[in-house]
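Chemist: My structure is stored as my_file14.cif, with mmCIF, C-alpha atoms and all ligand atoms.
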data_work
#
loop_
_atom_site.label_atom_id
_atom_site.label_comp_id
_atom_site.auth_asym_id
_atom_site.auth_seq_id
_atom_site.Cartn_x
_atom_site.Cartn_y
_atom_site.Cartn_z
CA MET X 1 0.00 0.00 0.00
CA PHE X 2 1.26 3.46 -0.82
CA LYS X 3 0.89 6.22 1.73
CA GLN X 4 -1.60 8.92 0.87
CA ASP X 5 1.09 11.60 0.61
CA THR X 6 3.07 9.41 -1.81
CA ILE X 7 -0.02 9.07 -4.03
CA GLU X 8 -0.50 12.83 -3.86
CA ARG X 9 3.13 13.25 -4.94
CA PHE X 10 2.58 10.86 -7.89
CA ALA X 11 -0.39 12.96 -8.98
CA GLU X 12 1.98 15.85 -9.68
CA ILE X 13 4.40 13.83 -11.83
CA GLU X 14 4.26 13.04 -15.54
CA THR X 15 3.75 9.31 -16.09
CA PRO X 16 4.97 6.68 -16.76
CA PHE X 17 7.82 6.35 -14.28
CA TYR X 18 9.48 3.86 -11.99
CA TYR X 19 9.08 4.71 -8.35
CA TYR X 20 11.89 3.42 -6.13
CA ASN X 21 11.18 3.00 -2.46
CA MET X 22 14.70 3.37 -1.09
CA ASP X 23 13.62 2.23 2.40
CA VAL X 24 12.44 -1.09 1.04
CA LEU X 25 15.69 -1.40 -0.90
CA ARG X 26 17.78 -0.74 2.21
CA GLN X 27 15.69 -3.11 4.34
CA THR X 28 16.26 -5.81 1.72
CA LEU X 29 19.98 -5.16 1.58
CA ASP X 30 20.17 -5.23 5.39
CA ALA X 31 18.38 -8.57 5.46
CA CYS X 32 20.63 -10.06 2.80
CA ARG X 33 23.83 -8.80 4.38
CA ASP X 34 22.84 -10.05 7.85
CA ALA X 35 21.79 -13.47 6.61
CA SER X 36 24.87 -14.03 4.40
CA SER X 37 27.51 -12.60 6.69
CA GLN X 38 26.68 -14.95 9.55
CA TYR X 39 28.13 -17.76 7.40
CA GLY X 40 30.91 -15.68 5.82
CA PHE X 41 29.23 -15.94 2.39
CA HIS X 42 30.10 -13.39 -0.32
CA VAL X 43 27.27 -11.78 -2.29
CA HIS X 44 27.78 -10.27 -5.73
CA TYR X 45 24.97 -8.13 -7.08
CA ALA X 46 23.84 -9.24 -10.54
CA MET X 47 23.93 -5.83 -12.20
CA LYS X 48 21.70 -6.99 -15.03
CA ALA X 49 18.68 -6.98 -12.70
CA ASN X 50 18.82 -3.20 -12.42
CA PHE X 51 21.64 -0.80 -13.21
CA ASN X 52 19.77 2.35 -12.26
CA THR X 53 22.52 4.54 -10.83
CA LYS X 54 20.87 5.19 -7.46
CA VAL X 55 20.03 1.53 -6.99
CA VAL X 56 23.56 0.41 -7.85
CA ALA X 57 25.03 3.06 -5.53
CA ALA X 58 22.82 1.84 -2.67
CA VAL X 59 23.87 -1.77 -3.26
CA GLN X 60 27.54 -0.83 -3.52
CA ALA X 61 27.38 0.95 -0.17
CA TYR X 62 26.70 -2.43 1.46
CA GLY X 63 30.06 -3.81 0.36
CA PHE X 64 28.64 -6.43 -2.00
CA GLY X 65 30.58 -7.40 -5.13
CA ALA X 66 29.30 -7.05 -8.72
CA ASP X 67 28.37 -9.78 -11.17
CA CYS X 68 28.56 -8.30 -14.68
CA VAL X 69 27.57 -9.66 -18.07
CA SER X 70 28.99 -7.07 -20.46
CA GLY X 71 31.99 -4.83 -20.77
CA ASN X 72 29.74 -1.88 -20.01
CA GLU X 73 28.48 -3.48 -16.82
CA VAL X 74 32.09 -4.08 -15.75
CA LYS X 75 32.84 -0.42 -16.48
CA ALA X 76 29.70 0.76 -14.64
CA ALA X 77 30.50 -1.41 -11.61
CA ILE X 78 33.97 0.06 -11.31
CA GLU X 79 32.69 3.60 -11.85
CA HIS X 80 30.18 3.01 -9.05
CA GLY X 81 33.01 2.15 -6.70
CA PHE X 82 32.79 -1.65 -6.58
CA ASP X 83 36.16 -3.02 -5.57
CA LYS X 84 37.74 -4.60 -8.66
CA SER X 85 38.69 -7.59 -6.51
CA LYS X 86 34.94 -8.20 -6.17
CA VAL X 87 33.99 -7.81 -9.84
CA VAL X 88 33.14 -10.93 -11.82
CA PHE X 89 32.46 -11.10 -15.56
CA ALA X 90 30.01 -13.79 -16.69
CA GLY X 91 28.06 -14.39 -19.90
CA VAL X 92 27.93 -16.90 -22.69
CA GLY X 93 29.11 -14.50 -25.41
CA LYS X 94 31.89 -12.21 -24.21
CA SER X 95 33.42 -10.32 -27.14
CA ASP X 96 37.19 -9.82 -27.46
CA LYS X 97 36.65 -6.11 -26.84
CA GLU X 98 34.79 -6.82 -23.60
CA ILE X 99 37.36 -9.35 -22.43
CA ASN X 100 40.12 -6.82 -23.06
CA GLN X 101 38.18 -4.16 -21.14
CA ALA X 102 37.83 -6.52 -18.19
CA LEU X 103 41.50 -7.51 -18.35
CA ASP X 104 42.47 -3.83 -18.35
CA ALA X 105 40.25 -3.31 -15.31
CA ASP X 106 42.02 -6.19 -13.48
CA ILE X 107 38.76 -7.76 -12.38
CA PHE X 108 38.74 -10.69 -10.00
CA CYS X 109 37.35 -13.46 -12.20
CA PHE X 110 35.87 -14.47 -15.54
CA ASN X 111 33.13 -17.08 -15.30
CA VAL X 112 33.92 -19.08 -18.42
CA GLU X 113 31.19 -20.80 -20.40
CA SER X 114 33.04 -22.82 -23.06
CA ILE X 115 36.38 -24.46 -23.76
CA GLN X 116 36.94 -22.13 -26.69
CA GLU X 117 36.40 -19.14 -24.42
CA LEU X 118 39.20 -20.40 -22.12
CA GLU X 119 41.58 -20.41 -25.05
CA ILE X 120 40.51 -16.91 -26.16
CA ILE X 121 40.85 -15.35 -22.70
CA ASP X 122 44.25 -17.01 -22.30
CA GLY X 123 45.44 -15.56 -25.63
CA LEU X 124 44.15 -12.05 -24.87
CA ALA X 125 45.66 -12.13 -21.36
CA LYS X 126 48.99 -13.30 -22.78
CA ALA X 127 49.04 -10.40 -25.25
CA LYS X 128 48.73 -8.03 -22.29
CA GLY X 129 51.22 -9.92 -20.13
CA LYS X 130 48.47 -10.62 -17.59
CA VAL X 131 47.04 -13.63 -15.83
CA ALA X 132 43.24 -13.86 -15.76
CA GLY X 133 41.38 -15.49 -12.88
CA VAL X 134 38.79 -17.95 -14.18
CA ALA X 135 35.99 -20.06 -12.80
CA ILE X 136 34.38 -22.75 -14.93
CA ARG X 137 30.63 -22.40 -15.34
CA ILE X 138 29.27 -25.92 -15.22
CA ASN X 139 25.85 -26.82 -16.49
CA PRO X 140 24.77 -29.18 -13.71
CA ASN X 141 21.57 -30.44 -15.35
CA VAL X 142 19.48 -29.50 -12.29
CA ASP X 143 15.87 -28.52 -12.91
CA ALA X 144 15.11 -25.14 -11.33
CA HIS X 145 11.31 -25.69 -11.47
CA THR X 146 10.79 -22.18 -12.75
CA HIS X 147 9.44 -20.74 -16.01
CA HIS X 148 11.20 -22.48 -18.92
CA PHE X 149 12.25 -19.11 -20.36
CA ILE X 150 14.36 -18.41 -17.27
CA THR X 151 15.77 -21.91 -16.69
CA THR X 152 19.48 -22.10 -17.45
CA GLY X 153 20.92 -25.24 -15.86
CA LEU X 154 19.56 -28.03 -18.07
CA ASP X 155 21.47 -29.92 -20.77
CA GLU X 156 19.40 -28.27 -23.50
CA ASN X 157 20.33 -24.74 -22.34
CA LYS X 158 23.13 -22.78 -23.99
CA PHE X 159 24.75 -21.89 -20.68
CA GLY X 160 27.84 -23.37 -19.09
CA ILE X 161 29.95 -26.39 -19.91
CA ASN X 162 28.39 -29.83 -19.81
CA THR X 163 29.88 -32.32 -17.39
CA TRP X 164 30.89 -34.72 -20.18
CA GLN X 165 33.32 -32.03 -21.43
CA LEU X 166 35.16 -31.55 -18.17
CA HIS X 167 38.11 -33.74 -19.23
CA ASP X 168 38.72 -31.38 -22.12
CA VAL X 169 38.44 -28.43 -19.72
CA VAL X 170 41.27 -29.68 -17.53
CA VAL X 171 43.40 -30.44 -20.59
CA MET X 172 42.86 -26.87 -21.78
CA LEU X 173 43.48 -25.37 -18.34
CA ARG X 174 46.83 -27.17 -18.17
CA LYS X 175 47.80 -25.61 -21.51
CA CYS X 176 46.80 -22.05 -20.62
CA ALA X 177 49.67 -20.38 -18.79
CA ASN X 178 47.86 -17.04 -18.57
CA LEU X 179 44.83 -18.36 -16.73
CA LYS X 180 44.56 -18.91 -13.03
CA PHE X 181 41.92 -21.47 -12.12
CA LEU X 182 39.91 -20.17 -9.17
CA GLY X 183 36.92 -22.43 -8.94
CA ILE X 184 33.55 -23.49 -10.27
CA HIS X 185 30.43 -21.54 -11.08
CA PHE X 186 26.76 -22.52 -11.45
CA HIS X 187 23.56 -20.69 -12.20
CA ILE X 188 20.49 -22.80 -12.80
CA GLY X 189 17.78 -20.22 -13.33
CA SER X 190 15.86 -17.32 -11.93
CA GLN X 191 12.76 -16.76 -9.76
CA ILE X 192 13.39 -20.01 -7.85
CA THR X 193 11.21 -20.34 -4.78
CA ASP X 194 11.58 -24.06 -4.05
CA MET X 195 14.51 -24.51 -1.65
CA GLU X 196 14.71 -28.21 -2.56
CA VAL X 197 16.14 -27.07 -5.90
CA TYR X 198 19.08 -25.45 -4.13
CA LYS X 199 19.61 -28.57 -2.07
CA ASN X 200 19.91 -30.55 -5.32
CA LEU X 201 22.30 -27.93 -6.65
CA CYS X 202 24.51 -28.34 -3.55
CA THR X 203 24.72 -32.08 -4.18
CA ARG X 204 25.91 -31.45 -7.74
CA ILE X 205 28.41 -28.80 -6.62
CA ASN X 206 29.85 -31.23 -4.06
CA GLU X 207 30.30 -33.90 -6.74
CA MET X 208 31.88 -31.42 -9.12
CA GLN X 209 34.37 -30.07 -6.66
CA ASP X 210 35.47 -33.60 -5.79
CA TRP X 211 35.91 -34.27 -9.49
CA PHE X 212 38.17 -31.23 -9.98
CA GLU X 213 40.19 -31.95 -6.88
CA ASN X 214 40.68 -35.56 -7.98
CA HIS X 215 42.11 -34.15 -11.19
CA GLY X 216 44.59 -31.99 -9.33
CA PHE X 217 42.72 -28.65 -9.36
CA ALA X 218 42.21 -27.05 -5.97
CA ILE X 219 39.00 -25.05 -5.67
CA LYS X 220 39.10 -21.68 -3.97
CA ILE X 221 35.72 -20.34 -5.11
CA LEU X 222 32.38 -22.11 -5.08
CA ASN X 223 30.03 -19.78 -6.96
CA THR X 224 26.45 -20.97 -6.67
CA GLY X 225 24.95 -18.26 -8.94
CA GLY X 226 21.73 -16.45 -8.12
CA GLY X 227 18.08 -17.07 -8.76
CA LEU X 228 16.35 -16.59 -5.41
CA GLY X 229 12.74 -15.76 -6.22
CA VAL X 230 10.50 -13.06 -4.81
CA ASP X 231 6.82 -12.86 -3.93
CA TYR X 232 5.05 -11.35 -6.95
CA HIS X 233 1.58 -12.03 -5.52
CA ASN X 234 1.56 -10.15 -2.24
CA PRO X 235 -0.81 -7.20 -2.72
CA ASP X 236 1.64 -5.02 -0.79
CA GLY X 237 4.24 -5.76 -3.44
CA ASN X 238 7.21 -5.30 -1.16
CA THR X 239 7.78 -8.53 0.77
CA ILE X 240 11.44 -9.00 1.66
CA PRO X 241 12.68 -12.41 0.45
CA ASP X 242 13.54 -15.08 2.98
CA PHE X 243 17.34 -14.81 2.78
CA GLU X 244 17.70 -16.73 6.05
CA SER X 245 16.21 -19.94 4.64
CA TYR X 246 18.06 -19.53 1.36
CA PHE X 247 21.55 -19.21 2.84
CA LYS X 248 20.80 -21.88 5.42
CA VAL X 249 20.35 -24.47 2.65
CA PHE X 250 23.89 -23.81 1.41
CA LYS X 251 25.29 -23.78 4.92
CA LYS X 252 23.71 -27.15 5.54
CA PHE X 253 24.26 -28.98 2.26
CA LEU X 254 27.31 -27.44 0.62
CA ASN X 255 30.59 -29.11 1.43
CA VAL X 256 32.79 -26.07 2.11
CA LYS X 257 36.43 -26.88 2.79
CA PRO X 258 38.84 -24.72 4.79
CA GLY X 259 40.08 -21.74 2.79
CA GLN X 260 37.21 -21.87 0.30
CA GLU X 261 34.90 -18.94 -0.38
CA VAL X 262 31.23 -19.33 -1.25
CA HIS X 263 29.92 -16.74 -3.71
CA PHE X 264 26.36 -15.83 -4.66
CA GLU X 265 25.10 -13.71 -7.55
CA LEU X 266 21.76 -12.30 -6.51
CA GLY X 267 19.86 -9.88 -8.70
CA ARG X 268 16.09 -10.04 -8.47
CA ALA X 269 15.89 -10.81 -4.73
CA LEU X 270 17.81 -7.63 -3.90
CA VAL X 271 15.85 -5.15 -5.98
CA ALA X 272 12.49 -6.46 -7.25
CA GLN X 273 10.34 -5.29 -4.36
CA SER X 274 11.84 -1.81 -4.21
CA ALA X 275 10.08 -0.43 -7.30
CA SER X 276 6.70 -0.06 -8.95
CA LEU X 277 5.87 1.14 -12.41
CA ILE X 278 3.45 4.06 -12.11
CA SER X 279 1.27 4.95 -15.06
CA ARG X 280 -2.05 6.64 -15.85
CA VAL X 281 -5.15 5.38 -17.55
CA LEU X 282 -5.35 7.03 -20.95
CA TYR X 283 -8.60 5.48 -22.10
CA VAL X 284 -11.29 3.16 -20.78
CA LYS X 285 -12.97 0.97 -23.36
CA ILE X 286 -16.08 -0.83 -22.26
CA GLY X 287 -16.87 -3.63 -24.67
CA GLN X 288 -19.43 -6.40 -24.90
CA LYS X 289 -16.96 -9.14 -24.14
CA LYS X 290 -14.04 -7.25 -22.69
CA ASN X 291 -13.26 -4.03 -20.88
CA PHE X 292 -9.88 -2.44 -21.46
CA LEU X 293 -7.84 -0.05 -19.42
CA ILE X 294 -5.35 1.49 -21.81
CA LEU X 295 -2.35 2.77 -19.88
CA ASP X 296 0.38 5.20 -20.84
CA ALA X 297 2.93 2.46 -19.99
CA GLY X 298 3.34 -0.77 -21.88
CA MET X 299 5.83 -3.41 -22.91
CA THR X 300 8.33 -0.65 -23.64
CA GLU X 301 8.45 0.15 -19.92
CA LEU X 302 7.93 -3.31 -18.38
CA MET X 303 8.44 -6.31 -20.64
CA ARG X 304 8.14 -9.15 -18.12
CA PRO X 305 4.37 -9.86 -18.43
CA MET X 306 4.60 -9.94 -22.23
CA LEU X 307 7.81 -11.99 -22.39
CA TYR X 308 7.30 -14.55 -19.63
CA GLN X 309 3.58 -14.24 -18.84
CA ALA X 310 4.89 -12.88 -15.52
CA TYR X 311 2.38 -11.92 -12.85
CA HIS X 312 2.56 -8.50 -11.18
CA VAL X 313 0.05 -7.04 -8.75
CA ILE X 314 -1.84 -4.16 -10.39
CA GLU X 315 -3.46 -1.47 -8.25
CA ASN X 316 -5.62 1.56 -8.96
CA LEU X 317 -4.12 4.18 -6.65
CA SER X 318 -6.63 6.90 -7.51
CA GLN X 319 -9.47 4.67 -6.41
CA GLU X 320 -7.71 4.14 -3.08
CA SER X 321 -7.62 7.92 -2.59
CA ARG X 322 -11.23 8.27 -3.75
CA VAL X 323 -12.34 5.69 -1.20
CA LYS X 324 -10.36 7.35 1.57
CA ASN X 325 -11.75 10.81 0.76
CA GLN X 326 -15.24 9.41 0.49
CA GLU X 327 -14.93 7.56 3.79
CA SER X 328 -14.06 10.76 5.58
CA ARG X 329 -16.94 12.58 3.86
CA ASP X 330 -19.29 9.73 4.82
CA LYS X 331 -18.14 10.00 8.40
CA ASN X 332 -18.99 13.71 8.45
CA GLN X 333 -22.36 12.93 6.95
CA GLU X 334 -23.10 10.32 9.59
CA GLU X 335 -22.41 12.94 12.17
CA GLY X 336 -24.90 15.55 10.97
CA ASP X 337 -25.68 15.56 7.34
CA HIS X 338 -28.52 13.26 6.22
CA SER X 339 -27.71 12.80 2.54
CA PRO X 340 -27.21 9.16 1.40
CA LEU X 341 -23.97 7.30 2.15
CA THR X 342 -21.67 6.25 -0.72
CA THR X 343 -22.13 2.87 -2.32
CA TYR X 344 -18.86 1.37 -3.45
CA HIS X 345 -18.88 -0.36 -6.81
CA SER X 346 -17.99 -4.02 -7.00
CA PRO X 347 -14.84 -4.77 -9.03
CA ILE X 348 -14.93 -4.77 -12.80
CA LYS X 349 -12.79 -7.08 -14.89
CA TYR X 350 -10.39 -5.19 -17.14
CA ASP X 351 -7.68 -6.25 -19.53
CA VAL X 352 -4.91 -3.87 -18.51
CA VAL X 353 -3.00 -3.03 -21.67
CA GLY X 354 -0.34 -0.65 -22.96
CA PRO X 355 -0.35 1.75 -25.90
CA ILE X 356 2.08 -0.20 -28.11
CA CYS X 357 0.97 -1.50 -31.49
CA GLU X 358 1.29 -5.17 -30.53
CA SER X 359 -1.40 -7.52 -29.28
CA THR X 360 1.00 -8.94 -26.70
CA ASP X 361 1.19 -5.51 -25.08
CA CYS X 362 -0.98 -6.57 -22.16
CA PHE X 363 -0.01 -6.48 -18.48
CA ARG X 364 -2.74 -8.92 -17.50
CA LYS X 365 -6.17 -10.02 -18.64
CA ASP X 366 -9.34 -9.97 -16.52
CA VAL X 367 -7.89 -8.00 -13.62
CA ASP X 368 -10.45 -7.26 -10.91
CA LEU X 369 -10.23 -3.51 -10.32
CA PRO X 370 -12.64 -0.91 -8.99
CA GLU X 371 -14.38 1.13 -11.67
CA SER X 372 -11.54 3.13 -13.24
CA PHE X 373 -11.41 6.39 -15.12
CA ARG X 374 -9.22 8.35 -17.50
CA GLY X 375 -6.37 9.87 -15.51
CA ASP X 376 -6.39 7.27 -12.71
CA LEU X 377 -2.97 6.31 -11.42
CA ILE X 378 -2.16 2.63 -11.84
CA ALA X 379 0.74 0.90 -10.06
CA VAL X 380 2.33 -2.29 -11.33
CA ARG X 381 4.11 -3.67 -8.27
CA THR X 382 7.36 -5.55 -7.66
CA ALA X 383 8.90 -4.14 -10.81
CA GLY X 384 12.40 -3.31 -9.54
CA ALA X 385 14.14 -6.27 -11.19
CA TYR X 386 14.35 -6.70 -14.96
CA GLY X 387 11.98 -3.75 -15.35
CA GLU X 388 13.67 -0.45 -16.11
CA VAL X 389 16.73 -2.29 -17.51
CA MET X 390 14.64 -4.10 -20.09
CA ALA X 391 12.81 -0.97 -21.23
CA SER X 392 13.09 0.04 -24.87
CA ASN X 393 12.07 2.94 -27.06
CA TYR X 394 10.16 0.79 -29.56
CA ASN X 395 7.52 2.94 -31.31
CA LEU X 396 10.00 5.78 -30.66
CA ARG X 397 8.74 6.12 -27.12
CA ASP X 398 10.29 8.45 -24.56
CA ALA X 399 12.74 6.85 -22.15
CA VAL X 400 11.00 5.86 -18.93
CA LYS X 401 11.82 8.11 -15.97
CA SER X 402 12.65 7.27 -12.37
CA VAL X 403 11.42 8.84 -9.17
CA TYR X 404 12.78 8.02 -5.70
CA SER X 405 11.57 8.10 -2.14
CA ALA X 406 13.90 9.84 0.30
N1 LIG F 1 24.03 -15.12 -12.43
C1 LIG F 1 23.84 -15.41 -13.74
C2 LIG F 1 24.89 -16.12 -14.45
C3 LIG F 1 22.64 -15.04 -14.37
O1 LIG F 1 22.46 -15.35 -15.65
C4 LIG F 1 21.64 -14.36 -13.63
C5 LIG F 1 20.38 -13.95 -14.27
C6 LIG F 1 21.90 -14.06 -12.28
C7 LIG F 1 23.09 -14.46 -11.72
C8 LIG F 1 20.90 -13.31 -11.42
O2 LIG F 1 19.74 -14.04 -11.28
P1 LIG F 1 18.58 -13.54 -10.27
O3 LIG F 1 19.14 -13.60 -8.85
O4 LIG F 1 18.23 -12.16 -10.64
O5 LIG F 1 17.48 -14.49 -10.49
N2 LIG F 1 14.67 -11.19 -17.25
C9 LIG F 1 14.22 -12.37 -16.51
C10 LIG F 1 15.32 -12.92 -15.64
C11 LIG F 1 16.60 -13.24 -16.39
C12 LIG F 1 17.70 -13.72 -15.50
C13 LIG F 1 18.98 -13.76 -16.23
N3 LIG F 1 20.09 -14.21 -15.48
C14 LIG F 1 12.99 -11.99 -15.70
O6 LIG F 1 12.54 -10.85 -15.77
O7 LIG F 1 12.41 -12.83 -15.01
#
Starting from the coordinates I provided, produce the structure as structure tokens.
Ligand code: LLP
Modeler:
Amino acid sequence: MFKQDTIERFAEIETPFYYYNMDVLRQTLDACRDASSQYGFHVHYAMKANFNTKVVAAVQAYGFGADCVSGNEVKAAIEHGFDKSKVVFAGVGKSDKEINQALDADIFCFNVESIQELEIIDGLAKAKGKVAGVAIRINPNVDAHTHHFITTGLDENKFGINTWQLHDVVVMLRKCANLKFLGIHFHIGSQITDMEVYKNLCTRINEMQDWFENHGFAIKILNTGGGLGVDYHNPDGNTIPDFESYFKVFKKFLNVKPGQEVHFELGRALVAQSASLISRVLYVKIGQKKNFLILDAGMTELMRPMLYQAYHVIENLSQESRVKNQESRDKNQEEGDHSPLTTYHSPIKYDVVGPICESTDCFRKDVDLPESFRGDLIAVRTAGAYGEVMASNYNLRDAVKSVYSA
């Protein structure tokens, strides 16, 4: 629920925009830091989830590392003050230019996704007279039980190196004098809410580290990736994820040997609940079969519902204010005035859609909302992760703006 004065503030601002609740962000970061530090775990923020400058600065202030997937993310992380010894570069398709950028920045580690990539990084490091730290991203074939579009750790996915290729990996590592093997990396998918999945991942990581050690490669880093899911259904939209239970699984099931570090790459869980997309109703279309609320925000501002059929809570904020104002008027009436009390309308089903010339440009169908009007403020909640970063200017739209709480 937004406070009344926040809604009044929104009413003054041109829509659409992302509203960042910095308190929720800080509470989330506190919770993550407290839960991870009790076990000495290292958290890297997956920059791809949201690289809004204020958000990244807030995360950096907590001393987390940065997990980057492009040369520009590496650059942005360093510009935002992340310690280069805590910057990791992952991604299935790193270009030579990006690898060189990361080598010049002396980052901590490349998470390597193919045997060919090992050879390329070795060659580029050699040309600069450097040694690059590498971790091998292994595809563990563990089902994340999440939407198939955001599953990454199955044999059919493009990510990581399959276990049947590990012999070739060690052969290559032995040949590459300009690589320093640091450890193993995994990432099986995103929006994972079933902790059993992480338990299965721990079992695979334990097997894999034994395998490497049996082949003469000591493991310093166990990087378990990210993926912790958030609650997209809570009407409040800002539930803080259960970091305690998440880290506890790894504490319990991961076989951590003396001197090893356990790394996590969390994106969504750190930022999703801190933002909402705020838009206005442009038009209301009442049809025979369907009613539409046409918003001034669409897939260009928040792509997740259209790309993954993702669910986000949708609220009519103007109606909340109308009800509050009416309630206080009704109260006055009860006390003296004898005119009739307000009757509140029962919800109407609307397809909440954007203005883009695509039929998929729909936030959700058949949403129960109070009767809504042109100009009403609509909030799409839990939009802080993979929201603003995935925005585009398709249809030559204006760039989406950001507004922050104190
Ligand atoms: N590490 C790697 C190697 C990744 O590929 C990702 C996310 C993460 C960490 C962070 O995962 P998280 O903790 O945020 O789940 N756009 C999609 C999600 C794509 C996730 C891509 N990789 C969505 O909106 O659901």
Chemist: Give the residue list for ligand LIG 1 (chain F) at 6 Å, counting only C-alpha atoms and all ligand atoms, as a VMD selection string, sorted by chain and then by residue number.
Modeler: chain X and resid 46 49 150 187 190 to 191 225 to 228 265 to 269 304 386
Chemist: Could you check how far CA of Gly384 (chain X) sits from CA of His80 (chain X), in Å to one decimal?
Modeler: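 For CA of Gly384 (chain X) relative to CA of His80 (chain X), the distance reads 18.9 Å.
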Chemist: Set the distance at 6 Å and use only C-alpha atoms: which residues neighbour region 318-327 of chain X once local chain neighbours fewer than 2 positions away are removed? I'd like the list as number ranges by chain.
Modeler: X: 316, 329-330, 376-377
Chemist: I need the residue nearest Ser346 (chain X) from this list: X:Ser372, X:Ile184, X:Asp361, X:Gly63. Use all atoms listed in the file for the distance.
Modeler: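 Checking each of X:Ser372, X:Ile184, X:Asp361, X:Gly63 against Ser346 (chain X), counting all atoms listed in the file, the winner is X:Ser372.
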Chemist: Which is closest to Lys54 (chain X) among X:Ala379, X:Leu317, X:Leu254, X:Met22, if we use all atoms listed in the file?
Modeler: X:Met22
Chemist: Please fill the gaps in region 200-213 of chain X so it has N, CA and C atoms, and write that as an mmCIF file, keeping the file's coordinate frame.
Modeler:
data_model
loop_
_atom_site.group_PDB
_atom_site.id
_atom_site.type_symbol
_atom_site.label_atom_id
_atom_site.label_comp_id
_atom_site.auth_asym_id
_atom_site.auth_seq_id
_atom_site.Cartn_x
_atom_site.Cartn_y
_atom_site.Cartn_z
ATOM 1 N N ASN X 200 19.419 -29.712 -4.217
ATOM 2 C CA ASN X 200 19.910 -30.550 -5.320
ATOM 3 C C ASN X 200 21.145 -29.934 -5.965
ATOM 4 N N LEU X 201 21.133 -28.600 -6.058
ATOM 5 C CA LEU X 201 22.300 -27.930 -6.650
ATOM 6 C C LEU X 201 23.537 -28.184 -5.772
ATOM 7 N N CYS X 202 23.369 -28.104 -4.453
ATOM 8 C CA CYS X 202 24.510 -28.340 -3.550
ATOM 9 C C CYS X 202 25.100 -29.736 -3.779
ATOM 10 N N THR X 203 24.227 -30.709 -3.950
ATOM 11 C CA THR X 203 24.720 -32.080 -4.180
ATOM 12 C C THR X 203 25.592 -32.113 -5.428
ATOM 13 N N ARG X 204 25.139 -31.454 -6.486
ATOM 14 C CA ARG X 204 25.910 -31.450 -7.740
ATOM 15 C C ARG X 204 27.221 -30.688 -7.556
ATOM 16 N N ILE X 205 27.170 -29.573 -6.824
ATOM 17 C CA ILE X 205 28.410 -28.800 -6.620
ATOM 18 C C ILE X 205 29.422 -29.659 -5.849
ATOM 19 N N ASN X 206 28.940 -30.384 -4.838
ATOM 20 C CA ASN X 206 29.850 -31.230 -4.060
ATOM 21 C C ASN X 206 30.514 -32.276 -4.947
ATOM 22 N N GLU X 207 29.730 -32.884 -5.827
ATOM 23 C CA GLU X 207 30.300 -33.900 -6.740
ATOM 24 C C GLU X 207 31.351 -33.266 -7.648
ATOM 25 N N MET X 208 30.992 -32.075 -8.146
ATOM 26 C CA MET X 208 31.880 -31.420 -9.120
ATOM 27 C C MET X 208 33.194 -30.984 -8.479
ATOM 28 N N GLN X 209 33.109 -30.507 -7.256
ATOM 29 C CA GLN X 209 34.370 -30.070 -6.660
ATOM 30 C C GLN X 209 35.263 -31.270 -6.353
ATOM 31 N N ASP X 210 34.657 -32.379 -5.994
ATOM 32 C CA ASP X 210 35.470 -33.600 -5.790
ATOM 33 C C ASP X 210 36.144 -33.983 -7.099
ATOM 34 N N TRP X 211 35.379 -33.883 -8.167
ATOM 35 C CA TRP X 211 35.910 -34.270 -9.490
ATOM 36 C C TRP X 211 37.147 -33.425 -9.814
ATOM 37 N N PHE X 212 37.032 -32.108 -9.642
ATOM 38 C CA PHE X 212 38.170 -31.230 -9.980
ATOM 39 C C PHE X 212 39.360 -31.529 -9.072
ATOM 40 N N GLU X 213 39.075 -31.720 -7.805
ATOM 41 C CA GLU X 213 40.190 -31.950 -6.880
ATOM 42 C C GLU X 213 40.871 -33.286 -7.190
#
